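S.K.: What follows is upload-v4.cif, made up of mmCIF, C-alpha atoms, pLDDT in the B column; chains and numbers go by the auth columns:
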```
data_start
loop_
_atom_site.group_PDB
_atom_site.id
_atom_site.type_symbol
_atom_site.label_atom_id
_atom_site.label_comp_id
_atom_site.label_asym_id
_atom_site.label_seq_id
_atom_site.Cartn_x
_atom_site.Cartn_y
_atom_site.Cartn_z
_atom_site.B_iso_or_equiv
_atom_site.auth_seq_id
_atom_site.auth_asym_id
ATOM 1 C CA MET A 1 -6.571 -49.125 -81.579 46.00 1 A
ATOM 2 C CA GLU A 2 -7.318 -52.691 -82.669 51.00 2 A
ATOM 3 C CA SER A 3 -10.376 -53.713 -84.687 50.00 3 A
ATOM 4 C CA ALA A 4 -11.363 -56.257 -82.010 58.00 4 A
ATOM 5 C CA LYS A 5 -11.639 -53.398 -79.466 80.00 5 A
ATOM 6 C CA PHE A 6 -13.164 -50.862 -81.859 87.00 6 A
ATOM 7 C CA GLN A 7 -16.917 -50.524 -81.377 94.00 7 A
ATOM 8 C CA ILE A 8 -18.677 -50.061 -84.715 96.00 8 A
ATOM 9 C CA THR A 9 -21.745 -47.835 -84.396 96.00 9 A
ATOM 10 C CA ALA A 10 -24.806 -47.703 -86.639 97.00 10 A
ATOM 11 C CA ILE A 11 -23.382 -44.580 -88.316 97.00 11 A
ATOM 12 C CA ASP A 12 -20.052 -46.378 -88.858 98.00 12 A
ATOM 13 C CA ARG A 13 -21.936 -49.211 -90.564 97.00 13 A
ATOM 14 C CA LYS A 14 -23.622 -46.729 -92.894 97.00 14 A
ATOM 15 C CA ILE A 15 -20.245 -45.169 -93.703 98.00 15 A
ATOM 16 C CA LEU A 16 -18.744 -48.590 -94.379 97.00 16 A
ATOM 17 C CA ARG A 17 -21.641 -49.582 -96.652 96.00 17 A
ATOM 18 C CA ALA A 18 -21.236 -46.352 -98.617 97.00 18 A
ATOM 19 C CA LEU A 19 -17.473 -46.847 -98.996 97.00 19 A
ATOM 20 C CA GLN A 20 -17.906 -50.464 -100.081 96.00 20 A
ATOM 21 C CA GLU A 21 -20.430 -49.491 -102.730 93.00 21 A
ATOM 22 C CA ASP A 22 -18.333 -46.607 -104.058 94.00 22 A
ATOM 23 C CA GLY A 23 -14.858 -46.059 -102.633 93.00 23 A
ATOM 24 C CA ARG A 24 -14.458 -42.859 -104.657 94.00 24 A
ATOM 25 C CA MET A 25 -17.281 -41.005 -102.913 95.00 25 A
ATOM 26 C CA THR A 26 -16.248 -37.668 -101.483 97.00 26 A
ATOM 27 C CA ILE A 27 -16.314 -37.198 -97.739 97.00 27 A
ATOM 28 C CA GLN A 28 -19.155 -34.702 -98.233 97.00 28 A
ATOM 29 C CA ALA A 29 -21.192 -37.236 -100.243 98.00 29 A
ATOM 30 C CA ILE A 30 -20.669 -39.909 -97.575 98.00 30 A
ATOM 31 C CA ALA A 31 -21.556 -37.422 -94.829 98.00 31 A
ATOM 32 C CA ASP A 32 -24.738 -36.416 -96.638 97.00 32 A
ATOM 33 C CA ARG A 33 -25.708 -40.057 -97.122 96.00 33 A
ATOM 34 C CA VAL A 34 -25.246 -40.977 -93.454 97.00 34 A
ATOM 35 C CA GLY A 35 -26.568 -37.768 -91.922 96.00 35 A
ATOM 36 C CA LEU A 36 -23.359 -36.204 -90.580 96.00 36 A
ATOM 37 C CA SER A 37 -21.320 -33.159 -91.411 97.00 37 A
ATOM 38 C CA ALA A 38 -18.034 -33.719 -93.241 97.00 38 A
ATOM 39 C CA SER A 39 -15.638 -33.272 -90.273 97.00 39 A
ATOM 40 C CA PRO A 40 -17.136 -35.919 -87.960 97.00 40 A
ATOM 41 C CA CYS A 41 -17.573 -38.251 -90.939 98.00 41 A
ATOM 42 C CA LEU A 42 -13.895 -37.939 -91.858 98.00 42 A
ATOM 43 C CA ARG A 43 -12.920 -38.413 -88.208 97.00 43 A
ATOM 44 C CA ARG A 44 -14.915 -41.677 -88.038 97.00 44 A
ATOM 45 C CA ILE A 45 -13.330 -42.914 -91.283 98.00 45 A
ATOM 46 C CA ARG A 46 -9.831 -42.127 -89.957 97.00 46 A
ATOM 47 C CA GLN A 47 -10.617 -43.949 -86.695 97.00 47 A
ATOM 48 C CA MET A 48 -11.777 -47.022 -88.638 97.00 48 A
ATOM 49 C CA GLU A 49 -8.622 -46.900 -90.778 97.00 49 A
ATOM 50 C CA LYS A 50 -6.429 -46.676 -87.671 97.00 50 A
ATOM 51 C CA ALA A 51 -8.324 -49.543 -86.017 97.00 51 A
ATOM 52 C CA GLY A 52 -7.882 -51.744 -89.086 96.00 52 A
ATOM 53 C CA VAL A 53 -11.611 -51.928 -89.821 97.00 53 A
ATOM 54 C CA ILE A 54 -10.885 -50.280 -93.171 97.00 54 A
ATOM 55 C CA ALA A 55 -7.923 -52.314 -94.389 96.00 55 A
ATOM 56 C CA ALA A 56 -7.218 -50.689 -97.769 95.00 56 A
ATOM 57 C CA TYR A 57 -8.600 -48.844 -100.767 94.00 57 A
ATOM 58 C CA ALA A 58 -8.321 -50.319 -104.252 92.00 58 A
ATOM 59 C CA ALA A 59 -9.746 -50.230 -107.751 91.00 59 A
ATOM 60 C CA VAL A 60 -11.710 -53.344 -108.704 90.00 60 A
ATOM 61 C CA ILE A 61 -10.507 -54.470 -112.137 93.00 61 A
ATOM 62 C CA ASP A 62 -12.535 -56.617 -114.534 94.00 62 A
ATOM 63 C CA GLN A 63 -10.295 -59.644 -115.103 95.00 63 A
ATOM 64 C CA LYS A 64 -11.709 -60.298 -118.579 96.00 64 A
ATOM 65 C CA ALA A 65 -11.059 -56.714 -119.666 97.00 65 A
ATOM 66 C CA VAL A 66 -7.358 -57.122 -118.876 97.00 66 A
ATOM 67 C CA GLY A 67 -6.983 -60.448 -120.687 97.00 67 A
ATOM 68 C CA LEU A 68 -7.399 -62.876 -117.779 97.00 68 A
ATOM 69 C CA PRO A 69 -10.790 -64.483 -118.468 97.00 69 A
ATOM 70 C CA VAL A 70 -10.056 -67.923 -116.996 98.00 70 A
ATOM 71 C CA SER A 71 -10.697 -68.610 -113.295 98.00 71 A
ATOM 72 C CA VAL A 72 -9.527 -71.906 -111.886 98.00 72 A
ATOM 73 C CA PHE A 73 -10.316 -73.189 -108.410 98.00 73 A
ATOM 74 C CA ILE A 74 -7.556 -75.502 -107.215 98.00 74 A
ATOM 75 C CA SER A 75 -7.803 -77.859 -104.265 98.00 75 A
ATOM 76 C CA ILE A 76 -4.423 -78.777 -102.784 98.00 76 A
ATOM 77 C CA LYS A 77 -3.638 -81.637 -100.450 97.00 77 A
ATOM 78 C CA LEU A 78 -0.291 -81.746 -98.680 97.00 78 A
ATOM 79 C CA GLU A 79 1.620 -84.881 -97.740 96.00 79 A
ATOM 80 C CA ARG A 80 1.537 -83.792 -94.086 94.00 80 A
ATOM 81 C CA GLN A 81 -0.477 -81.127 -92.305 91.00 81 A
ATOM 82 C CA ARG A 82 2.074 -80.061 -89.730 93.00 82 A
ATOM 83 C CA SER A 83 2.704 -76.393 -89.067 94.00 83 A
ATOM 84 C CA LEU A 84 6.068 -76.421 -90.852 93.00 84 A
ATOM 85 C CA GLU A 85 4.582 -77.881 -94.058 94.00 85 A
ATOM 86 C CA LEU A 86 1.610 -75.514 -93.974 95.00 86 A
ATOM 87 C CA ASP A 87 3.939 -72.529 -93.546 95.00 87 A
ATOM 88 C CA ARG A 88 6.253 -73.788 -96.304 94.00 88 A
ATOM 89 C CA PHE A 89 3.377 -74.027 -98.770 97.00 89 A
ATOM 90 C CA ALA A 90 2.043 -70.583 -97.831 96.00 90 A
ATOM 91 C CA SER A 91 5.500 -69.042 -98.276 96.00 91 A
ATOM 92 C CA ALA A 92 6.036 -70.753 -101.634 96.00 92 A
ATOM 93 C CA ILE A 93 2.862 -69.375 -103.201 97.00 93 A
ATOM 94 C CA ALA A 94 2.660 -65.961 -101.522 95.00 94 A
ATOM 95 C CA ALA A 95 4.347 -63.987 -104.314 94.00 95 A
ATOM 96 C CA TRP A 96 2.642 -65.640 -107.301 97.00 96 A
ATOM 97 C CA PRO A 97 0.397 -63.011 -108.907 97.00 97 A
ATOM 98 C CA GLU A 98 -1.839 -65.606 -110.609 97.00 98 A
ATOM 99 C CA ILE A 99 -3.207 -66.629 -107.197 98.00 99 A
ATOM 100 C CA MET A 100 -5.959 -64.218 -106.290 97.00 100 A
ATOM 101 C CA GLU A 101 -7.099 -65.993 -103.147 97.00 101 A
ATOM 102 C CA CYS A 102 -5.817 -68.821 -100.977 98.00 102 A
ATOM 103 C CA TYR A 103 -7.688 -70.386 -98.080 98.00 103 A
ATOM 104 C CA LEU A 104 -6.539 -72.930 -95.507 97.00 104 A
ATOM 105 C CA MET A 105 -9.427 -75.396 -95.394 96.00 105 A
ATOM 106 C CA THR A 106 -10.968 -78.124 -93.287 96.00 106 A
ATOM 107 C CA GLY A 107 -12.091 -81.343 -94.952 95.00 107 A
ATOM 108 C CA GLN A 108 -10.546 -83.432 -97.712 95.00 108 A
ATOM 109 C CA PHE A 109 -8.156 -80.743 -99.017 97.00 109 A
ATOM 110 C CA ASP A 110 -5.778 -78.450 -97.158 97.00 110 A
ATOM 111 C CA TYR A 111 -5.947 -75.381 -99.400 98.00 111 A
ATOM 112 C CA LEU A 112 -8.344 -73.841 -101.890 98.00 112 A
ATOM 113 C CA LEU A 113 -6.876 -71.393 -104.414 98.00 113 A
ATOM 114 C CA ARG A 114 -8.474 -69.140 -106.993 98.00 114 A
ATOM 115 C CA VAL A 115 -6.127 -68.603 -109.908 98.00 115 A
ATOM 116 C CA VAL A 116 -6.663 -66.353 -112.922 98.00 116 A
ATOM 117 C CA CYS A 117 -4.969 -66.774 -116.285 98.00 117 A
ATOM 118 C CA ALA A 118 -5.285 -65.876 -119.944 98.00 118 A
ATOM 119 C CA ASP A 119 -6.040 -69.365 -121.281 98.00 119 A
ATOM 120 C CA LEU A 120 -5.467 -73.097 -120.801 97.00 120 A
ATOM 121 C CA ALA A 121 -1.865 -72.866 -122.001 98.00 121 A
ATOM 122 C CA ALA A 122 -1.117 -70.213 -119.384 98.00 122 A
ATOM 123 C CA TYR A 123 -2.740 -72.384 -116.707 98.00 123 A
ATOM 124 C CA GLU A 124 -0.718 -75.396 -117.813 98.00 124 A
ATOM 125 C CA ALA A 125 2.487 -73.328 -117.581 98.00 125 A
ATOM 126 C CA PHE A 126 1.502 -72.135 -114.072 98.00 126 A
ATOM 127 C CA LEU A 127 0.787 -75.703 -113.026 97.00 127 A
ATOM 128 C CA ARG A 128 3.996 -77.191 -114.473 97.00 128 A
ATOM 129 C CA GLU A 129 6.431 -74.398 -113.648 97.00 129 A
ATOM 130 C CA LYS A 130 5.137 -73.339 -110.259 97.00 130 A
ATOM 131 C CA LEU A 131 2.517 -75.361 -108.440 97.00 131 A
ATOM 132 C CA THR A 132 3.864 -78.853 -109.117 96.00 132 A
ATOM 133 C CA GLN A 133 7.318 -77.670 -108.035 96.00 133 A
ATOM 134 C CA VAL A 134 6.224 -76.947 -104.448 96.00 134 A
ATOM 135 C CA GLU A 135 7.687 -79.512 -102.071 94.00 135 A
ATOM 136 C CA GLY A 136 5.162 -81.456 -100.000 95.00 136 A
ATOM 137 C CA VAL A 137 2.155 -81.260 -102.338 96.00 137 A
ATOM 138 C CA SER A 138 0.542 -84.675 -102.675 96.00 138 A
ATOM 139 C CA SER A 139 -2.442 -83.825 -104.905 97.00 139 A
ATOM 140 C CA ILE A 140 -3.790 -81.012 -107.048 98.00 140 A
ATOM 141 C CA GLU A 141 -7.384 -80.941 -108.283 98.00 141 A
ATOM 142 C CA SER A 142 -8.446 -78.184 -110.682 98.00 142 A
ATOM 143 C CA SER A 143 -11.979 -76.999 -111.423 98.00 143 A
ATOM 144 C CA PHE A 144 -12.559 -74.438 -114.178 98.00 144 A
ATOM 145 C CA SER A 145 -15.229 -71.791 -113.738 97.00 145 A
ATOM 146 C CA LEU A 146 -17.742 -71.714 -116.586 96.00 146 A
ATOM 147 C CA GLY A 147 -19.261 -68.441 -115.440 94.00 147 A
ATOM 148 C CA GLN A 148 -19.657 -66.203 -112.443 93.00 148 A
ATOM 149 C CA ILE A 149 -23.137 -66.073 -110.957 94.00 149 A
ATOM 150 C CA LYS A 150 -22.454 -63.615 -108.150 93.00 150 A
ATOM 151 C CA HIS A 151 -19.446 -61.623 -107.054 90.00 151 A
ATOM 152 C CA SER A 152 -19.586 -59.075 -104.268 89.00 152 A
ATOM 153 C CA ARG A 153 -17.001 -57.231 -102.245 88.00 153 A
ATOM 154 C CA VAL A 154 -19.673 -55.606 -100.088 89.00 154 A
ATOM 155 C CA LEU A 155 -19.842 -57.245 -96.665 92.00 155 A
ATOM 156 C CA PRO A 156 -23.380 -57.540 -95.223 92.00 156 A
ATOM 157 C CA ILE A 157 -22.823 -55.096 -92.356 91.00 157 A
#
```
Give the structure from this file in structure tokens form.

M.R.:
Amino acid sequence: MESAKFQITAIDRKILRALQEDGRMTIQAIADRVGLSASPCLRRIRQMEKAGVIAAYAAVIDQKAVGLPVSVFISIKLERQRSLELDRFASAIAAWPEIMECYLMTGQFDYLLRVVCADLAAYEAFLREKLTQVEGVSSIESSFSLGQIKHSRVLPI
């Protein structure tokens, strides 16, 4: 089953909202919330997992609590925007744990990254030892977050 072919029902949406709000809810608690018994609720969850609608389960960690209070948004421009160069950049950065998110963009820059680090010295080391070493990067523009206004992992479904 593929997610593009999977038809999400109103009950499925309720299940997904419940799981997004609290991924540790028991099947019985989810079933009670959405008006099903536990067995059909679990069956629907398993179907959504198989279809790829539910991609993974994870704990959401507070980055400040683990010593990574600095968020930096980095705009990257490549020398050329051909497929080979785009793939080369994506491969180069894929394993770097400091990069929390990376988006291929339209507009003035080719990529937007969100990087977390302990402090300015750690960011400077990341920049010097990793990012500036990637072949084909023509410009790097960093913007430091002063504070987070809103952060949600709950999709509006």

S.K.: Mind listing as a PyMOL selection string all residues within 10 Å of (-7.1, -69.5, -115.6), counting only C-alpha atoms?

M.R.: chain A and resi 68-73+98-99+114-124+126+143-145

S.K.: Set the distance at 8 Å and use all atoms listed in the file: which residues neighbour region 26-38 of chain A once local chain neighbours fewer than 5 positions away are removed? I'd like the list as a PyMOL selection string.

M.R.: chain A and resi 11+14-15+18-19

S.K.: Calculate how many Å separate CA of Ile45 (chain A) from CA of Leu16 (chain A), rounding to one decimal.

M.R.: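 Interatomic distance, CA of Ile45 (chain A) to CA of Leu16 (chain A): 8.4 Å.
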
S.K.: The PyMOL selection byres ((chain A and resi 54) around 12) - which residues does that actually catch in the file I just gave you? List them as an MDAnalysis selection string.

M.R.: chainID A and resid 2:3 6 8 12:13 15:17 19:20 23 44:53 55:58 155

S.K.: Write out as a PDB file with C-alpha atoms, keeping the file's coordinate frame each polymer residue whose atoms come within 12 Å of Cys102 (chain A), counting only C-alpha atoms; drop sequence neighbours fewer than 2 positions from it.

M.R.:
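See around_29.pdb below for the written result:
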```
ATOM      1  CA  VAL A  72      -9.527 -71.906-111.886  1.00 98.00           C
ATOM      2  CA  PHE A  73     -10.316 -73.189-108.410  1.00 98.00           C
ATOM      3  CA  ILE A  74      -7.556 -75.502-107.215  1.00 98.00           C
ATOM      4  CA  SER A  75      -7.803 -77.859-104.265  1.00 98.00           C
ATOM      5  CA  ILE A  76      -4.423 -78.777-102.784  1.00 98.00           C
ATOM      6  CA  PHE A  89       3.377 -74.027 -98.770  1.00 97.00           C
ATOM      7  CA  ALA A  90       2.043 -70.583 -97.831  1.00 96.00           C
ATOM      8  CA  SER A  91       5.500 -69.042 -98.276  1.00 96.00           C
ATOM      9  CA  ILE A  93       2.862 -69.375-103.201  1.00 97.00           C
ATOM     10  CA  ALA A  94       2.660 -65.961-101.522  1.00 95.00           C
ATOM     11  CA  ALA A  95       4.347 -63.987-104.314  1.00 94.00           C
ATOM     12  CA  TRP A  96       2.642 -65.640-107.301  1.00 97.00           C
ATOM     13  CA  PRO A  97       0.397 -63.011-108.907  1.00 97.00           C
ATOM     14  CA  GLU A  98      -1.839 -65.606-110.609  1.00 97.00           C
ATOM     15  CA  ILE A  99      -3.207 -66.629-107.197  1.00 98.00           C
ATOM     16  CA  MET A 100      -5.959 -64.218-106.290  1.00 97.00           C
ATOM     17  CA  LEU A 104      -6.539 -72.930 -95.507  1.00 97.00           C
ATOM     18  CA  MET A 105      -9.427 -75.396 -95.394  1.00 96.00           C
ATOM     19  CA  ASP A 110      -5.778 -78.450 -97.158  1.00 97.00           C
ATOM     20  CA  TYR A 111      -5.947 -75.381 -99.400  1.00 98.00           C
ATOM     21  CA  LEU A 112      -8.344 -73.841-101.890  1.00 98.00           C
ATOM     22  CA  LEU A 113      -6.876 -71.393-104.414  1.00 98.00           C
ATOM     23  CA  ARG A 114      -8.474 -69.140-106.993  1.00 98.00           C
ATOM     24  CA  VAL A 115      -6.127 -68.603-109.908  1.00 98.00           C
TER      25      VAL A 115
END
```

S.K.: One decimal, Å: what's the distance from CA of Lys64 (chain A) over to CA of Gly147 (chain A), could you say?

M.R.: 11.5 Å

S.K.: Between CA of Leu78 (chain A) and CA of Ser138 (chain A), measure the distance and give it in Å to one decimal.

M.R.: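 Here the two named atoms are 5.0 Å from each other.
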
S.K.: Taking (0.5, -85.3, -100.8) in the file's coordinates, which residues come within 9 Å, counting only C-alpha atoms, written as a list in words?

M.R.: Ile76, Lys77, Leu78, Glu79, Arg80, Gly136, Val137, Ser138, Ser139 and Ile140 of chain A

S.K.: When distances are computed from all atoms listed in the file, which of A:Glu141, A:Asp22, A:Lys150, A:Leu42 shows the smallest separation from Gln108 (chain A)?

M.R.: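 Closest residue, counting all atoms listed in the file: A:Glu141.
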
S.K.: What lies within 12 Å of Ala92 (chain A) using only C-alpha atoms, ignoring chain neighbours under 5 positions off, as a tab-separated table (two decimals) with C-alpha atoms, keeping the file's coordinate frame?

M.R.:
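File produced: around-v4.tsv:
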```tsv
chain	number	residue	atom	x	y	z
A	85	GLU	CA	4.58	-77.88	-94.06
A	86	LEU	CA	1.61	-75.51	-93.97
A	87	ASP	CA	3.94	-72.53	-93.55
A	99	ILE	CA	-3.21	-66.63	-107.20
A	130	LYS	CA	5.14	-73.34	-110.26
A	131	LEU	CA	2.52	-75.36	-108.44
A	132	THR	CA	3.86	-78.85	-109.12
A	133	GLN	CA	7.32	-77.67	-108.04
A	134	VAL	CA	6.22	-76.95	-104.45
A	135	GLU	CA	7.69	-79.51	-102.07
A	136	GLY	CA	5.16	-81.46	-100.00
A	137	VAL	CA	2.15	-81.26	-102.34
```

S.K.: Calculate, to one decimal in Å, the centre and edge lengths of the box along x, y and z of the file that holds all listed atoms of region 79-96 of chain A with 6 Å of margin on each side, and present them as lines of an AutoDock Vina configuration file.

M.R.:
```
center_x = 2.9
center_y = -74.4
center_z = -98.2
size_x = 18.7
size_y = 32.9
size_z = 30.2
```
